[in-house]
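Have a look at the structure below, then the notes.
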Amino acid sequence: MSEKIFVIGANGQIGTELVTALRAIHGAENVIASDINSPNYALRNSGPFEFANVLDKDNLHHLFDKHRPTQVYLLAAILSAVGEQKPKMAWDLNMTGLLHILDFAVEFKTAKVFWPSSIAVFGPHSPQYDTPQYCVMDPNTVYGFSKLAGERWCEYYFAKYGLDARSLRYPGLIGWRANPGGGTTDYAVHIFHEALKHGSYQSFLQEGTALPMMYMDDAIRATISLMDAPAEQIKIRSSYNLAGISFKPEELAAEIKKHLPNFEISYADTDPRQAIADSWPKSIDDSAAQQDWGWQIEYDLPKMTADMLENLKKII
């Protein structure tokens, strides 16, 4: 029996690439992309698309009934920086949307649900280096609150209803195929665009601000690997730590200068995203993901930088 996969929030930074990867594996007709907004040309013309608002319970119920998905990927969310500007909206979208999907997955006997968590679940009292799977978690952003609560809900639905919910705590994600969606780590995407367009970039994060990052190719591969793993290998039903590469803005700039020797970086005086970044881990321990389902990273900083610049040159 073939999979029928429903991707909600398909227009975003992750969704754009995940839909493409899933369609290549399962066949375009078996991967239904959906979003509240119209998709880009490639997404719209490569397979089925539905308009979906995670807060519209009746329409969501109709779509579950229509497609009877065997897997659902819920990617619709308001991210960290935007969430601080619209806190109640962020909580409502991130929480109510998740609960709608979990309820319908139980009702329609969806085999597997993927929901992304984030390093934003950690806070100022979490260990900052090699942050472990289990530790103090005291997030101080609405985005972080919603992700921590969402982890608990996923675990609860697994324990109470037997729903095979799976999750990853994504670090900052860097990709060239889609624009970032309003997160604190977005500088690490913007810097490449500005380097190629203008030869300079003003970082909204200060020099010395280390954050865990991951190239989008690795993130998509990790997501699909987690979902493909046998259920008995998934030991953690809240969310798995996922580590990539940790670096500071000046370290990324130095790597870009190897390809664009005249590139210059400067730093903004103040930005509210700095306080968010300061509360997050500097590096992540993802040994549980390595042990349970064999996760391994492929892209280090030099390989990621070279690939980003090579691909962006073609489209800028």
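Residues are referred to by chain and number: the chain letter is A, B, ... according to the order shown in the structure tokens, the number counts from 1 in that chain, and ligands are numbered separately from 1 in the order shown.
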- A:Pro212 environment, 10 Å, only C-alpha atoms, sequence neighbours closer than 2 positions dropped, as a list in words: Ile119, Tyr129, Asp130, Tyr170, Pro171, Gly172, Leu173, Thr185, Ala210, Met214, Leu242, Ala243, Gly244, Ile245, Ser246, Phe247, Lys248, Trp280, Pro281, Lys282, Ser283 and Ile284 of chain A
Please report as a tab-separated table every residue of stretch 175-264 of chain A lying within 7 Å of stretch 8-23 of chain A, along with the nearest atom pair and their distance in Å (one decimal), using only C-alpha atoms.
residue	atom	partner	partner_atom	distance
A:Ala178	CA	A:Gln13	CA	5.1
A:Asn179	CA	A:Gln13	CA	5.9
A:Pro180	CA	A:Gln13	CA	5.5
A:Gly181	CA	A:Gln13	CA	6.6
A:Ile220	CA	A:Leu18	CA	6.0
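Using only C-alpha atoms, the shortest contact distance between A:Gln128 and any of A:Ser46, A:Thr223, A:Gln291, A:Ser279 is found at A:Ser279.
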Can you check which parts of stretch 166-280 of chain A lie within 8 Å of stretch 66-85 of chain A? Per residue, the shortest pair of atoms and distance in Å to one decimal, counting only C-alpha atoms, sorted by chain and number, as a tab-separated table.
residue	atom	partner	partner_atom	distance
A:Gly181	CA	A:Leu79	CA	6.9
A:Gly182	CA	A:Val82	CA	5.6
A:Gly183	CA	A:Ser80	CA	5.1
A:Thr184	CA	A:Ala81	CA	5.7
A:Arg273	CA	A:Ala81	CA	6.4
- Item | Every residue of stretch 74-224 of chain A that DSSP places in strand (DSSP E or B), as a PyMOL selection string | chain A and resi 74+112-114+117-118+131+164-166+168-170+172-174+200-203+211-215
Residues of the last selection are to be written out with C-alpha atoms, as a JSON list (two decimals), in the first residue's frame.
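Below is the file out16.json, written as the result:
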[["chain", "number", "residue", "atom", "x", "y", "z"],
["A", 74, "LEU", "CA", 2.72, 19.79, 10.44],
["A", 112, "LYS", "CA", 2.54, 8.78, 11.65],
["A", 113, "VAL", "CA", 2.69, 12.47, 12.48],
["A", 114, "PHE", "CA", 5.77, 14.69, 12.28],
["A", 117, "SER", "CA", 10.26, 21.35, 17.81],
["A", 118, "SER", "CA", 13.26, 23.65, 18.23],
["A", 131, "THR", "CA", 23.04, 20.78, 25.72],
["A", 164, "ASP", "CA", 3.00, 7.51, 16.38],
["A", 165, "ALA", "CA", 4.06, 11.14, 16.74],
["A", 166, "ARG", "CA", 7.71, 11.98, 16.01],
["A", 168, "LEU", "CA", 13.06, 16.88, 16.08],
["A", 169, "ARG", "CA", 14.42, 19.90, 17.90],
["A", 170, "TYR", "CA", 15.75, 21.76, 14.89],
["A", 172, "GLY", "CA", 18.85, 27.19, 13.00],
["A", 173, "LEU", "CA", 18.29, 26.07, 9.41],
["A", 174, "ILE", "CA", 20.20, 27.39, 6.41],
["A", 200, "SER", "CA", 28.76, 43.29, 2.73],
["A", 201, "TYR", "CA", 26.33, 42.42, 5.51],
["A", 202, "GLN", "CA", 25.24, 43.99, 8.80],
["A", 203, "SER", "CA", 24.49, 41.20, 11.26],
["A", 211, "LEU", "CA", 24.39, 29.20, 17.80],
["A", 212, "PRO", "CA", 23.68, 25.66, 16.60],
["A", 213, "MET", "CA", 22.89, 25.58, 12.88],
["A", 214, "MET", "CA", 22.21, 22.98, 10.21],
["A", 215, "TYR", "CA", 22.22, 22.96, 6.44]]
Surrounding residues of A:Ala289 excluding itself and chain neighbours under 5 positions, 8 Å, only C-alpha atoms, as a compact mmCIF listing (two decimals) with C-alpha atoms, in the first residue's frame:
# COMPACT_ATOMS: atom_id res chain seq x y z
CA TYR A 240 14.96 14.45 19.64
CA ASN A 241 17.88 16.84 19.99
CA LEU A 242 19.37 17.44 16.54
CA GLY A 294 21.51 6.26 13.17
CA TRP A 295 21.59 10.00 12.55
